[in-house]
Amino acid sequence: MKHFFKVPLLVIFLNFSVYNVSGQKNTYKDPKLPIESRIEHLLSQMTMEEKVNQLVSSFPKYTKGPNNTYVIDPVMMDQLKKGMGSLQYVNLPLGAEGDVRFLNQIQKYIIENSRLGIPILAVTEALHGFVGAQATSFPQAIALAGTWDTDLVNKVYTQAALEARSRGLHLAFSPLLDLARDARWGRMDETYGEDVHLVSQIGLAAINGLQGGGETVGKNHIVASPKHFAGYGQCEGGRNFAPTIMSDRQFREEALEPFRLAVTQSHIWGVMPSHSEVEGVPAHGNERLLNSILRKEWGFKGIVVSDYNDIERLDHLHHVVPNREEAALLALKSGVNLDQPVGSSYVLLPEALKKKPEYVKDLDERVREVLRVKFMLGLFENPYVVEKEAKKVAEDKNREALALKAAEKAIILLKNEKNLLPLDKSKLKKIALIGPNIKTTVLGGYTPAKVPAVSIFDGVTDYLKGSKVEIMYAEGCGITRGKTEAQFEIGKLPEGDIQTIPYEKERATIEAAADIAKQCEVAIVCVGDNYATTREAATLGDHRGDRANLDLVGNQNALVKAIVETGTPVVVVMMHGRSLTINYIKDKADAIVDGWYLGQQTGNAIARTLFGDNNPGGKLAVTVPRSVGQIPVYYSQKPTGTLKKYLFEDSSPLFNFGYGLSYAQFSLDAIKLSSTELKAGESVEVSVDIKNTSHVVGDEVVQVYVKDVVGTITRPVMELKAFKRVTLKAGETQTVKLTLDKSAFEMLDINFNRIIEPGEFKIFVGTSSRKEDLKELTLNMK
């Protein structure tokens with residue numbers, strides 16, 4: 001029998017009476033009492049099974065009812081009656097109103113039919129937008145980092161939180177705070193780049209957007225659960241799941257730092273551990289990491305959410321325990337609260353705890369932490385959401401404008417010979433749109449299903465509507481073939497082996513594309529990645545995503561070469577998820593526009609940029625290598641890491657961290673420090689006059705790097721410590737002031753104490769990490 005639910009106001013009031021059916025007072029339901037008191041009262045009433053159920057999750061199980069409604073499946077009803085901690089709610093096809101109806105059903109059923117009526121925590125993803133039907137897909141994380149605009153990033157994640165919470169979602173497995181130090185790794189596009197400071201600042205902006213910026217989660221906001229704690233982005237060989245090989249010092253100074261700031265400055269209420277191990281200890285079984293450092297040292301009060309099936313992987317992948325029962329006990333003691341996605345290990349806890357009752361205290365502590373989050377969110381008082389409000393949010397046209405603004409701000413101009421760009425449509429008769437990603441919009445991992453994304457072809461066609469410019473099109477070549485050759489359904493992972501296409505099979509289409517380019521005054525060629533070539537290798541046998549070669553996949557380079565050799569001016573547009581070794585393109589293309597993945601407004605943003613309505617001002621969040629053999633190539637290496645050169649190879653990167661051009665030109669003058677001498681603990685202000693010396697409005701990013709000239713522990717050649725993106729009108733001058741507080745000069749001493757050593761510091765001010773883009777100042781620390 002199918003059950004249909006409505007949520008009348010009367011039922012809501014009756015359900016949250018502080019008295020149970022026997023007339024006894026349920027103290028935990030009294031909102032006037034302190035949360036800690038409510039937690040202890042509720043915990044004292046719970047059975048062992050009820051406690052365990054607060055640590056397990058489930059995927060939604062539903063059947064379709066009449067009039068396009070969705071109904072809880074009877075199997076799930078049985079689960080809900082026993083109580084449940086969380087619900088995995090990612091990319092369901094229900095839409096805004098359908099999500100509300102279904103989640104309200106879930107909450108109503110569990111509250112009214114489980115013994116204690118504990119609301120469920122609905123969890124989702126929000127890497128670059130809430131992952132749900134009718135949700136907004138913003139530029140992928142690596143592109144958002146390329147904006148170098150924390151205010152904009154905050155707005156993007158505020159919108160993502162609003163969309164999620166309006167539908168009844170409470171927690172997102174976002175953002176990703178791993179450092180992208182190896183472009184072979186398939187998840188580079190999910191990161192905020194290679195640099196500790198940039199990742200931290202963009203990450204804090206994202207977290208504050210998701211949670212609301214306070215010590216608790218605000219109204220219309222959700223719990224941020226940044227991942228992967230920690231060191232996951234530096235997995236050995238760039239292979240997903242591989243061990244992270246780094247010293248404890250590097251682990252502390254680099255991998256942990258964005259998370260430390262997320263806890264101490266943005267008060268995150270969730271965190272997700274890494275798949276990987278560090279120094280032989282898997283993150284999901286690392287009590288030092290999850291309890292000693294995270295909770296005791298940093299003061300974290302929230303919940304640790306497992307990555308998918310990583311508790312059971314303590315057994316069958318890492319082999320640090322002999323079975324899943326022991327895996328569950330180890331994760332419980334180590335500090336993991338929720339066993340995602342279906343509690344495959346924690347469901348064994350009731351039996352495991354009978355054998356080892358000494359772990360019951362760990363169970364109680366993990367349940368306390370889950371209940372604390374639910375009470376903090378107000379779920380006991382307000383478990384339901386309003387359908388019309390979700391519909392209003394989903395139909396708000398302002399989100400399209402924000403997606404377009406974010407995409408435009410993310411675009412990076414890497415080359416512009418002879419000022420080919422912007423194009424003047426009044427002087428063009430024919431343009432060629434060529435390449436495998438011209439008509440396909442790749443949005444990146446963790447993307448909502450069925451996003452109404454605008455392709456570059458459609459964006460340019462729409463932009464030129466009404467003009468006399470004729471558009472000629474040719475795909476030229478594909479990227480991969482086999483079951484994945486077709487353009488994948490957005491959000492759906494490709495299946496089968498990934499294969500490239502032999503050149504002989506695409507020779508004719510490449511030559512045809514070149515013939516079209518010959519007929520045009522400019523050729524816009526879009527190349528890069530698809531959902532097969534750069535993505536998460538999600539399972540142990542999945543070899544897709546991670547790569548040993550960073551060249552363009554397939555015959556894309558041959559396509560670009562054929563177009564270049566026609567003599568027609570060539571603009572290469574990059575749509576990709578990792579750094580690519582585009583040596584030929586850098587040398588031969590007339591202009592390079594880098595978008596990474598720009599979200600649902602991709603086509604409109606690229607069109608407006610190509611024709612000058614948007615002046616690109618983004619900057620690279622990573623260093624781009626010339627070859628895979630240069631890895632590691634990140635700019636902030638130690639002095640000995642940059643000392644030697646490779647034989648027969650230019651040792652400089654293809655493009656530097658922080659690099660990006662503009663249609664405008666800028667000058668930096670009057671660069672000075674508020675003081676050239678400091679005492680440890682004091683701050684210094686860096687001041688610079690930046691002038692737009694061109695005739696068009698444009699953005700520039702002022703970047704400040706610090707070098708500790710002599711340290712008792714070896715220090716990086718320089719480190720980013722402050723930045724600011726500014727917009728200047730033609731001819732305008734602004735004075736930009738950036739503060740370097742004590743954290744800019746701190747280091748960990750031999751005993752891992754945070755200190756500031758006396759001596760000389762170099763302060764570099766400029767527009768990228770490239771030497772010729774920087775001016776040097778000297779500061780003495782007393």
# chains A, B, ... in the order shown; residues from 1 in each chain; ligands from 1
$ residues_around --residues "stretch 210-225 of chain A" --least-positions-apart "2" --cutoff "10 Å" --atoms "only C-alpha atoms" --output "short mmCIF file (atom, residue, chain, number, x, y, z; two decimals) with N, CA, C and O atoms, in the first residue's frame"
data_model
loop_
_atom_site.label_atom_id
_atom_site.label_comp_id
_atom_site.auth_asym_id
_atom_site.auth_seq_id
_atom_site.Cartn_x
_atom_site.Cartn_y
_atom_site.Cartn_z
N VAL A 123 21.67 15.33 3.40
CA VAL A 123 22.99 15.76 2.98
C VAL A 123 23.12 15.73 1.47
O VAL A 123 22.47 14.95 0.78
N THR A 124 24.00 16.59 0.94
CA THR A 124 24.12 16.75 -0.51
C THR A 124 25.53 17.16 -0.88
O THR A 124 26.45 17.10 -0.05
N GLU A 125 25.72 17.58 -2.12
CA GLU A 125 26.99 18.13 -2.62
C GLU A 125 26.75 19.56 -3.09
O GLU A 125 25.67 19.88 -3.58
N ALA A 126 27.77 20.39 -2.98
CA ALA A 126 27.66 21.77 -3.47
C ALA A 126 29.03 22.29 -3.88
O ALA A 126 29.45 23.37 -3.49
N ASN A 154 31.89 34.08 -2.15
CA ASN A 154 30.93 34.04 -1.05
C ASN A 154 29.50 34.11 -1.58
O ASN A 154 28.62 33.38 -1.11
N LYS A 155 29.25 34.94 -2.55
CA LYS A 155 27.90 35.07 -3.12
C LYS A 155 27.48 33.79 -3.83
O LYS A 155 26.31 33.38 -3.75
N VAL A 156 28.41 33.17 -4.54
CA VAL A 156 28.10 31.92 -5.24
C VAL A 156 27.65 30.85 -4.26
O VAL A 156 26.63 30.17 -4.45
N TYR A 157 28.40 30.68 -3.17
CA TYR A 157 28.07 29.62 -2.22
C TYR A 157 26.88 30.01 -1.32
O TYR A 157 26.19 29.13 -0.81
N THR A 158 26.65 31.29 -1.14
CA THR A 158 25.44 31.72 -0.44
C THR A 158 24.21 31.30 -1.25
O THR A 158 23.22 30.83 -0.70
N GLN A 159 24.29 31.48 -2.57
CA GLN A 159 23.19 31.06 -3.44
C GLN A 159 23.02 29.54 -3.42
O GLN A 159 21.90 29.02 -3.37
N ALA A 160 24.13 28.82 -3.47
CA ALA A 160 24.06 27.35 -3.42
C ALA A 160 23.40 26.89 -2.13
O ALA A 160 22.57 25.97 -2.12
N ALA A 161 23.76 27.52 -1.02
CA ALA A 161 23.17 27.18 0.27
C ALA A 161 21.67 27.48 0.29
O ALA A 161 20.87 26.68 0.78
N LEU A 162 21.30 28.63 -0.24
CA LEU A 162 19.90 29.01 -0.29
C LEU A 162 19.08 28.00 -1.08
O LEU A 162 17.98 27.58 -0.65
N GLU A 163 19.59 27.59 -2.23
CA GLU A 163 18.87 26.62 -3.05
C GLU A 163 18.72 25.30 -2.32
O GLU A 163 17.66 24.66 -2.37
N ALA A 164 19.78 24.86 -1.65
CA ALA A 164 19.73 23.58 -0.93
C ALA A 164 18.80 23.65 0.27
O ALA A 164 17.94 22.78 0.45
N ARG A 165 18.95 24.68 1.10
CA ARG A 165 18.15 24.75 2.34
C ARG A 165 16.68 24.98 2.03
O ARG A 165 15.80 24.49 2.77
N SER A 166 16.39 25.70 0.96
CA SER A 166 14.98 25.94 0.62
C SER A 166 14.26 24.66 0.29
O SER A 166 13.04 24.58 0.37
N GLY A 168 15.08 21.73 1.85
CA GLY A 168 15.12 20.84 3.00
C GLY A 168 16.43 20.11 3.20
O GLY A 168 16.51 19.17 3.99
N LEU A 169 17.50 20.55 2.52
CA LEU A 169 18.82 19.97 2.70
C LEU A 169 19.56 20.72 3.80
O LEU A 169 19.33 21.90 4.02
N HIS A 170 20.48 20.03 4.48
CA HIS A 170 21.12 20.60 5.67
C HIS A 170 22.64 20.63 5.66
O HIS A 170 23.24 21.40 6.41
N LEU A 171 23.27 19.78 4.86
CA LEU A 171 24.73 19.66 4.91
C LEU A 171 25.24 19.35 3.51
O LEU A 171 24.62 18.58 2.78
N ALA A 172 26.38 19.95 3.15
CA ALA A 172 27.01 19.68 1.86
C ALA A 172 28.43 19.17 2.06
O ALA A 172 29.15 19.67 2.91
N PHE A 173 28.81 18.18 1.27
CA PHE A 173 30.18 17.67 1.30
C PHE A 173 31.07 18.62 0.49
O PHE A 173 31.66 18.24 -0.52
N SER A 174 31.19 19.82 0.94
CA SER A 174 31.88 20.89 0.20
C SER A 174 32.34 21.94 1.20
O SER A 174 31.74 22.07 2.27
N PRO A 175 33.34 22.74 0.84
CA PRO A 175 34.14 22.70 -0.38
C PRO A 175 35.33 21.75 -0.26
O PRO A 175 35.57 21.17 0.81
N LEU A 176 36.08 21.63 -1.35
CA LEU A 176 37.28 20.79 -1.36
C LEU A 176 38.49 21.68 -1.09
O LEU A 176 38.72 22.63 -1.82
N LEU A 204 37.58 29.76 2.74
CA LEU A 204 36.85 30.46 3.81
C LEU A 204 35.65 31.22 3.24
O LEU A 204 34.58 31.25 3.85
N ALA A 205 35.83 31.83 2.07
CA ALA A 205 34.72 32.55 1.43
C ALA A 205 33.59 31.58 1.09
O ALA A 205 32.40 31.90 1.27
N ALA A 206 33.94 30.40 0.59
CA ALA A 206 32.93 29.40 0.26
C ALA A 206 32.21 28.90 1.51
O ALA A 206 30.98 28.78 1.53
N ILE A 207 32.97 28.62 2.55
CA ILE A 207 32.38 28.13 3.80
C ILE A 207 31.46 29.16 4.41
O ILE A 207 30.34 28.85 4.85
N ASN A 208 31.90 30.41 4.44
CA ASN A 208 31.06 31.47 4.99
C ASN A 208 29.79 31.65 4.17
O ASN A 208 28.73 31.97 4.72
N LYS A 227 36.44 18.93 2.50
CA LYS A 227 37.13 17.67 2.27
C LYS A 227 38.42 17.93 1.50
O LYS A 227 38.61 19.04 0.98
N HIS A 228 39.33 17.01 1.43
CA HIS A 228 39.39 15.70 2.08
C HIS A 228 40.49 15.81 3.11
O HIS A 228 41.64 16.08 2.77
N ALA A 262 39.69 26.84 8.50
CA ALA A 262 38.25 26.59 8.35
C ALA A 262 37.59 26.35 9.70
O ALA A 262 36.47 26.79 9.95
N THR A 264 39.02 27.26 12.85
CA THR A 264 39.25 28.34 13.82
C THR A 264 38.68 29.68 13.39
O THR A 264 38.36 30.52 14.22
N GLN A 265 38.53 29.90 12.08
CA GLN A 265 38.02 31.19 11.60
C GLN A 265 36.59 31.11 11.08
O GLN A 265 35.82 32.05 11.26
N SER A 266 36.24 30.03 10.42
CA SER A 266 34.89 29.94 9.84
C SER A 266 33.98 28.96 10.58
O SER A 266 32.83 28.78 10.20
N HIS A 267 34.49 28.30 11.62
CA HIS A 267 33.66 27.49 12.51
C HIS A 267 32.85 26.43 11.76
O HIS A 267 31.64 26.31 11.93
N ILE A 268 33.55 25.66 10.93
CA ILE A 268 32.85 24.61 10.19
C ILE A 268 32.19 23.63 11.15
O ILE A 268 32.69 23.35 12.24
N TRP A 269 31.04 23.11 10.72
CA TRP A 269 30.29 22.13 11.52
C TRP A 269 30.36 20.73 10.93
O TRP A 269 29.72 19.80 11.44
N GLY A 270 31.14 20.59 9.88
CA GLY A 270 31.33 19.27 9.30
C GLY A 270 32.71 19.19 8.68
O GLY A 270 33.34 20.20 8.36
N VAL A 271 33.19 17.97 8.47
CA VAL A 271 34.45 17.74 7.76
C VAL A 271 34.42 16.31 7.23
O VAL A 271 33.80 15.42 7.84
N MET A 272 35.03 16.10 6.09
CA MET A 272 35.10 14.76 5.48
C MET A 272 36.55 14.33 5.37
O MET A 272 37.37 15.05 4.78
N PRO A 273 36.93 13.18 5.94
CA PRO A 273 38.31 12.70 5.84
C PRO A 273 38.67 12.25 4.42
O PRO A 273 37.82 12.05 3.56
N GLY A 302 31.75 19.90 15.45
CA GLY A 302 30.78 19.34 14.53
C GLY A 302 30.92 17.85 14.32
O GLY A 302 31.33 17.11 15.21
N ILE A 303 30.58 17.42 13.09
CA ILE A 303 30.57 15.98 12.78
C ILE A 303 31.56 15.66 11.67
O ILE A 303 31.77 16.46 10.75
N VAL A 304 32.15 14.49 11.78
CA VAL A 304 33.04 13.96 10.76
C VAL A 304 32.24 12.99 9.91
O VAL A 304 31.70 12.00 10.41
N VAL A 305 32.14 13.30 8.63
CA VAL A 305 31.32 12.53 7.70
C VAL A 305 32.24 11.68 6.84
O VAL A 305 33.13 12.21 6.16
N VAL A 373 24.56 18.89 16.15
CA VAL A 373 24.35 19.54 14.85
C VAL A 373 22.85 19.65 14.55
O VAL A 373 22.38 20.69 14.08
N MET A 376 21.48 22.36 16.76
CA MET A 376 21.98 23.64 16.32
C MET A 376 21.23 24.14 15.08
O MET A 376 20.93 25.33 14.95
N LEU A 377 20.89 23.24 14.19
CA LEU A 377 20.17 23.61 12.97
C LEU A 377 18.69 23.90 13.22
O LEU A 377 18.00 24.38 12.33
N GLY A 378 18.21 23.58 14.42
CA GLY A 378 16.80 23.82 14.73
C GLY A 378 15.86 22.80 14.12
O GLY A 378 14.66 23.07 13.93
#
$ residues_around --residues "A:Gly658" --least-positions-apart "3" --cutoff "9 Å" --atoms "only C-alpha atoms" --output "list in words"
Gly146, Gly618, Lys619, Leu620, Ala621, Val622, Thr623, Phe655, Val701, Gln703, Thr767, Ser768, Ser769 and Arg770 of chain A
$ atom_distance --atom1 "atom CA of A:Gln107" --atom2 "atom CA of A:Gln88"
13.7 Å
$ closest_atom_pairs --of "stretch 543-633 of chain A" --to "stretch 640-653 of chain A" --cutoff "10 Å" --atoms "only C-alpha atoms" --output "JSON lines"
{"residue": "A:Thr581", "atom": "CA", "partner": "A:Pro653", "partner_atom": "CA", "distance": 9.7}
{"residue": "A:Thr623", "atom": "CA", "partner": "A:Pro653", "partner_atom": "CA", "distance": 6.8}
{"residue": "A:Val624", "atom": "CA", "partner": "A:Pro653", "partner_atom": "CA", "distance": 5.9}
{"residue": "A:Pro625", "atom": "CA", "partner": "A:Pro653", "partner_atom": "CA", "distance": 4.8}
{"residue": "A:Arg626", "atom": "CA", "partner": "A:Pro653", "partner_atom": "CA", "distance": 5.8}
{"residue": "A:Ser627", "atom": "CA", "partner": "A:Pro653", "partner_atom": "CA", "distance": 8.8}
{"residue": "A:Gly629", "atom": "CA", "partner": "A:Tyr646", "partner_atom": "CA", "distance": 8.9}
{"residue": "A:Gln630", "atom": "CA", "partner": "A:Ser651", "partner_atom": "CA", "distance": 7.7}
{"residue": "A:Pro632", "atom": "CA", "partner": "A:Gly641", "partner_atom": "CA", "distance": 8.9}
{"residue": "A:Val633", "atom": "CA", "partner": "A:Pro653", "partner_atom": "CA", "distance": 7.2}
$ select_by_dssp --residues "stretch 530-710 of chain A" --states "strand (DSSP E or B)" --output "ChimeraX atom specification"
/A:570-575,591-594,624,655,661,666-673,677-678,684-692,698-708
$ atom_distance --atom1 "atom CA of A:Val593" --atom2 "atom CA of A:Leu413"
4.8 Å
$ select_by_dssp --residues "stretch 578-774 of chain A" --states "helix (DSSP H, G or I)" --output "JSON, numbers by chain"
{"A": [583, 584, 585, 586, 587, 588, 599, 600, 601, 602, 603, 604, 605, 606, 607, 608, 609, 610, 628, 629, 630, 639, 640, 641, 642, 742, 743, 744, 771, 772, 773]}
$ residues_around --residues "A:Trp298" --least-positions-apart "4" --cutoff "9 Å" --atoms "only C-alpha atoms" --output "list in words"
Arg260, Val263, Thr264, Ser292, Ile293 and Leu294 of chain A
$ write_last_selection --atoms "N, CA and C atoms" --output "PDB file, in the first residue's frame"
ATOM      1  N   ARG A 260      42.666  23.969   9.209  1.00  0.00           N
ATOM      2  CA  ARG A 260      42.812  24.642  10.512  1.00  0.00           C
ATOM      3  C   ARG A 260      42.095  25.986  10.502  1.00  0.00           C
ATOM      4  N   VAL A 263      38.305  25.663  10.600  1.00  0.00           N
ATOM      5  CA  VAL A 263      37.769  25.392  11.945  1.00  0.00           C
ATOM      6  C   VAL A 263      37.852  26.641  12.818  1.00  0.00           C
ATOM      7  N   THR A 264      39.020  27.260  12.849  1.00  0.00           N
ATOM      8  CA  THR A 264      39.248  28.336  13.820  1.00  0.00           C
ATOM      9  C   THR A 264      38.679  29.683  13.386  1.00  0.00           C
ATOM     10  N   SER A 292      42.661  14.222  18.232  1.00  0.00           N
ATOM     11  CA  SER A 292      43.696  15.026  18.894  1.00  0.00           C
ATOM     12  C   SER A 292      43.885  16.385  18.228  1.00  0.00           C
ATOM     13  N   ILE A 293      43.995  16.389  16.888  1.00  0.00           N
ATOM     14  CA  ILE A 293      44.227  17.654  16.179  1.00  0.00           C
ATOM     15  C   ILE A 293      42.917  18.392  15.937  1.00  0.00           C
ATOM     16  N   LEU A 294      41.986  17.748  15.274  1.00  0.00           N
ATOM     17  CA  LEU A 294      40.749  18.411  14.857  1.00  0.00           C
ATOM     18  C   LEU A 294      39.920  18.878  16.045  1.00  0.00           C
TER      19      LEU A 294
END
$ residues_around --residues "A:Ala548" --least-positions-apart "2" --cutoff "8 Å" --atoms "only C-alpha atoms" --output "CSV table (one decimal) with N, CA, C and O atoms, in the first residue's frame"
chain,number,residue,atom,x,y,z
A,184,ARG,N,48.4,15.3,-12.8
A,184,ARG,CA,48.0,13.9,-13.2
A,184,ARG,C,46.8,13.5,-12.5
A,184,ARG,O,46.0,12.6,-13.0
A,546,ASP,N,42.6,9.9,-13.8
A,546,ASP,CA,44.0,10.1,-13.6
A,546,ASP,C,44.8,9.8,-14.9
A,546,ASP,O,44.5,8.8,-15.6
A,550,LEU,N,50.0,14.8,-19.9
A,550,LEU,CA,49.2,16.0,-19.8
A,550,LEU,C,48.9,16.7,-21.1
A,550,LEU,O,48.5,17.9,-21.1
A,628,VAL,N,55.0,16.7,-18.3
A,628,VAL,CA,54.6,16.0,-17.1
A,628,VAL,C,55.8,15.7,-16.2
A,628,VAL,O,55.7,15.6,-15.0
$ decode --residues "stretch 454-467 of chain A" --atoms "N, CA, C and O atoms" --output "short mmCIF file (atom, residue, chain, number, x, y, z; two decimals), in the first residue's frame"
data_model
loop_
_atom_site.label_atom_id
_atom_site.label_comp_id
_atom_site.auth_asym_id
_atom_site.auth_seq_id
_atom_site.Cartn_x
_atom_site.Cartn_y
_atom_site.Cartn_z
N VAL A 454 24.55 26.71 -21.64
CA VAL A 454 24.71 27.38 -22.93
C VAL A 454 26.07 27.01 -23.50
O VAL A 454 27.11 27.30 -22.90
N SER A 455 26.08 26.39 -24.67
CA SER A 455 27.34 26.04 -25.31
C SER A 455 27.99 27.28 -25.91
O SER A 455 27.35 28.32 -26.10
N ILE A 456 29.25 27.17 -26.25
CA ILE A 456 29.95 28.29 -26.88
C ILE A 456 29.34 28.58 -28.25
O ILE A 456 29.16 29.74 -28.64
N PHE A 457 28.99 27.54 -28.97
CA PHE A 457 28.34 27.74 -30.27
C PHE A 457 27.05 28.54 -30.12
O PHE A 457 26.83 29.52 -30.83
N ASP A 458 26.22 28.12 -29.18
CA ASP A 458 24.95 28.84 -28.98
C ASP A 458 25.17 30.25 -28.45
O ASP A 458 24.46 31.18 -28.82
N GLY A 459 26.16 30.40 -27.56
CA GLY A 459 26.43 31.72 -27.01
C GLY A 459 26.90 32.71 -28.05
O GLY A 459 26.43 33.85 -28.11
N VAL A 460 27.83 32.27 -28.92
CA VAL A 460 28.33 33.14 -29.97
C VAL A 460 27.24 33.41 -31.01
O VAL A 460 27.08 34.54 -31.49
N THR A 461 26.48 32.37 -31.37
CA THR A 461 25.39 32.53 -32.34
C THR A 461 24.38 33.56 -31.84
O THR A 461 23.94 34.44 -32.59
N ASP A 462 24.01 33.44 -30.57
CA ASP A 462 23.06 34.39 -30.01
C ASP A 462 23.64 35.80 -29.95
O ASP A 462 22.94 36.79 -30.24
N TYR A 463 24.91 35.90 -29.60
CA TYR A 463 25.55 37.22 -29.50
C TYR A 463 25.58 37.92 -30.86
O TYR A 463 25.39 39.14 -30.94
N LEU A 464 25.80 37.15 -31.91
CA LEU A 464 25.94 37.73 -33.25
C LEU A 464 24.61 37.85 -33.99
O LEU A 464 24.59 38.28 -35.15
N LYS A 465 23.53 37.46 -33.34
CA LYS A 465 22.21 37.54 -33.97
C LYS A 465 21.93 38.99 -34.36
O LYS A 465 22.10 39.92 -33.57
N GLY A 466 21.52 39.18 -35.59
CA GLY A 466 21.23 40.52 -36.07
C GLY A 466 22.42 41.20 -36.73
O GLY A 466 22.27 42.25 -37.36
N SER A 467 23.62 40.60 -36.59
CA SER A 467 24.80 41.16 -37.25
C SER A 467 24.94 40.53 -38.64
O SER A 467 24.18 39.65 -39.02
#
